[in-house]
Amino acid sequence: MPLYQYEPFKTPCKLCGKGFELTQKISDPELSECPKCGQAIHRSSPSTINTPHYSKPLSISDAKASGFTVLKKTSKGEYEKQ
Ligand SMILES: [Zn+2]
């Protein structure tokens, strides 16, 4: 089950501070109120899922190693296989 991070809209909350974590089933509905203070809350992204890491752009050699056909633009404006 994923661990969700909930944050109150007004922070810091006297009771829950900057929010709290709650383990929920994926099928469970998102909470809209803080169970401690009743304030409106929203769910931020699950803390178990990291923000996506964007890998650096593939270099030509990486692309070739991955099986991509790398096309090179020739001086005539045409593309040819390297
Ligand atoms: Zn609260």
# chains A, B, ... in the order shown; residues from 1 in each chain; ligands from 1
>>> residues_near_ligand(ligand="ligand 1", cutoff="8 Å", atoms="only C-alpha atoms and all ligand atoms", output="PyMOL selection string")
chain A and resi 8+13-17+19+34-39+41
>>> residues_around(residues="A:Phe20", least_positions_apart="4", cutoff="7 Å", atoms="only C-alpha atoms", output="PDB file with all heavy atoms, in the first residue's frame")
ATOM      1  N   GLN A   5       1.190  11.426   1.327  1.00  0.00           N
ATOM      2  CA  GLN A   5       1.492  12.629   2.107  1.00  0.00           C
ATOM      3  C   GLN A   5       0.321  13.577   1.962  1.00  0.00           C
ATOM      4  O   GLN A   5      -0.055  13.942   0.854  1.00  0.00           O
ATOM      5  CB  GLN A   5       2.777  13.279   1.573  1.00  0.00           C
ATOM      6  CG  GLN A   5       3.149  14.581   2.254  1.00  0.00           C
ATOM      7  CD  GLN A   5       3.773  14.361   3.621  1.00  0.00           C
ATOM      8  OE1 GLN A   5       4.524  13.425   3.815  1.00  0.00           O
ATOM      9  NE2 GLN A   5       3.450  15.220   4.564  1.00  0.00           N
ATOM     10  N   TYR A   6      -0.271  13.926   3.067  1.00  0.00           N
ATOM     11  CA  TYR A   6      -1.365  14.901   3.051  1.00  0.00           C
ATOM     12  C   TYR A   6      -0.860  16.224   3.597  1.00  0.00           C
ATOM     13  O   TYR A   6      -0.080  16.264   4.542  1.00  0.00           O
ATOM     14  CB  TYR A   6      -2.536  14.419   3.909  1.00  0.00           C
ATOM     15  CG  TYR A   6      -3.420  13.438   3.194  1.00  0.00           C
ATOM     16  CD1 TYR A   6      -3.253  12.068   3.372  1.00  0.00           C
ATOM     17  CD2 TYR A   6      -4.409  13.879   2.331  1.00  0.00           C
ATOM     18  CE1 TYR A   6      -4.064  11.161   2.710  1.00  0.00           C
ATOM     19  CE2 TYR A   6      -5.226  12.983   1.663  1.00  0.00           C
ATOM     20  CZ  TYR A   6      -5.049  11.632   1.867  1.00  0.00           C
ATOM     21  OH  TYR A   6      -5.847  10.739   1.206  1.00  0.00           O
ATOM     22  N   GLU A   7      -1.350  17.274   2.992  1.00  0.00           N
ATOM     23  CA  GLU A   7      -0.964  18.603   3.444  1.00  0.00           C
ATOM     24  C   GLU A   7      -2.202  19.455   3.617  1.00  0.00           C
ATOM     25  O   GLU A   7      -3.049  19.496   2.735  1.00  0.00           O
ATOM     26  CB  GLU A   7      -0.051  19.283   2.403  1.00  0.00           C
ATOM     27  CG  GLU A   7       1.289  18.626   2.260  1.00  0.00           C
ATOM     28  CD  GLU A   7       2.079  19.247   1.106  1.00  0.00           C
ATOM     29  OE1 GLU A   7       1.652  20.262   0.550  1.00  0.00           O
ATOM     30  OE2 GLU A   7       3.119  18.672   0.787  1.00  0.00           O
ATOM     31  N   CYS A  16      -1.627  19.325  12.959  1.00  0.00           N
ATOM     32  CA  CYS A  16      -0.891  18.384  12.109  1.00  0.00           C
ATOM     33  C   CYS A  16       0.312  19.017  11.433  1.00  0.00           C
ATOM     34  O   CYS A  16       0.965  18.379  10.607  1.00  0.00           O
ATOM     35  CB  CYS A  16      -1.825  17.737  11.089  1.00  0.00           C
ATOM     36  SG  CYS A  16      -2.686  18.904  10.044  1.00  0.00           S
TER      37      CYS A  16
END
>>> select_by_dssp(residues="chain A", states="strand (DSSP E)", output="PyMOL selection string")
chain A and resi 3-8+20-23+41-44+71-73+79-81
>>> write_last_selection(atoms="N, CA and C atoms", output="tab-separated table (two decimals), in the first residue's frame")
chain	number	residue	atom	x	y	z
A	3	LEU	N	2.16	4.99	0.62
A	3	LEU	CA	2.14	5.95	1.72
A	3	LEU	C	1.90	7.33	1.12
A	4	TYR	N	0.80	7.93	1.52
A	4	TYR	CA	0.46	9.22	0.95
A	4	TYR	C	0.81	10.35	1.91
A	5	GLN	N	1.19	11.43	1.33
A	5	GLN	CA	1.49	12.63	2.11
A	5	GLN	C	0.32	13.58	1.96
A	6	TYR	N	-0.27	13.93	3.07
A	6	TYR	CA	-1.37	14.90	3.05
A	6	TYR	C	-0.86	16.22	3.60
A	7	GLU	N	-1.35	17.27	2.99
A	7	GLU	CA	-0.96	18.60	3.44
A	7	GLU	C	-2.20	19.45	3.62
A	8	PRO	N	-2.30	20.16	4.76
A	8	PRO	CA	-3.40	21.10	4.92
A	8	PRO	C	-3.17	22.30	4.00
A	20	PHE	N	0.73	15.21	7.19
A	20	PHE	CA	0.98	13.90	7.80
A	20	PHE	C	1.01	12.86	6.70
A	21	GLU	N	1.50	11.72	7.07
A	21	GLU	CA	1.55	10.63	6.11
A	21	GLU	C	0.52	9.59	6.50
A	22	LEU	N	-0.07	9.00	5.51
A	22	LEU	CA	-1.12	8.02	5.76
A	22	LEU	C	-0.99	6.90	4.73
A	23	THR	N	-0.97	5.70	5.23
A	23	THR	CA	-0.92	4.57	4.32
A	23	THR	C	-2.35	4.21	3.93
A	41	ILE	N	-7.72	19.43	3.38
A	41	ILE	CA	-6.36	18.98	3.07
A	41	ILE	C	-6.34	18.48	1.64
A	42	HIS	N	-5.17	18.36	1.14
A	42	HIS	CA	-5.02	17.78	-0.19
A	42	HIS	C	-3.89	16.77	-0.14
A	43	ARG	N	-3.94	15.85	-1.05
A	43	ARG	CA	-2.93	14.79	-1.07
A	43	ARG	C	-1.84	15.18	-2.04
A	44	SER	N	-0.65	15.16	-1.56
A	44	SER	CA	0.45	15.37	-2.49
A	44	SER	C	0.90	14.01	-2.98
A	71	LEU	N	20.72	8.55	-37.33
A	71	LEU	CA	20.82	9.15	-38.65
A	71	LEU	C	21.66	10.41	-38.59
A	72	LYS	N	22.48	10.55	-39.59
A	72	LYS	CA	23.35	11.72	-39.65
A	72	LYS	C	22.91	12.58	-40.81
A	73	LYS	N	22.82	13.83	-40.59
A	73	LYS	CA	22.42	14.72	-41.66
A	73	LYS	C	23.64	15.02	-42.52
A	79	TYR	N	19.56	12.42	-45.04
A	79	TYR	CA	19.96	11.66	-43.87
A	79	TYR	C	20.57	10.35	-44.31
A	80	GLU	N	21.62	9.96	-43.68
A	80	GLU	CA	22.19	8.65	-43.97
A	80	GLU	C	22.52	7.94	-42.68
A	81	LYS	N	22.49	6.62	-42.77
A	81	LYS	CA	22.86	5.84	-41.59
A	81	LYS	C	24.34	5.99	-41.32
>>> atom_distance(atom1="atom CA of A:Thr11", atom2="atom CA of A:Pro29")
22.6 Å
>>> closest_residue(among="A:Gly77, A:Gln24, A:Ser66, A:Ser32", to="A:Phe9", atoms="only C-alpha atoms")
A:Ser32
>>> atom_distance(atom1="atom CA of A:Pro12", atom2="atom CA of A:Ala40")
12.7 Å
>>> select_by_dssp(residues="chain A", states="helix (DSSP H, G or I)", output="list in words")
Ile60, Ser61, Asp62, Ala63, Lys64 and Ala65 of chain A
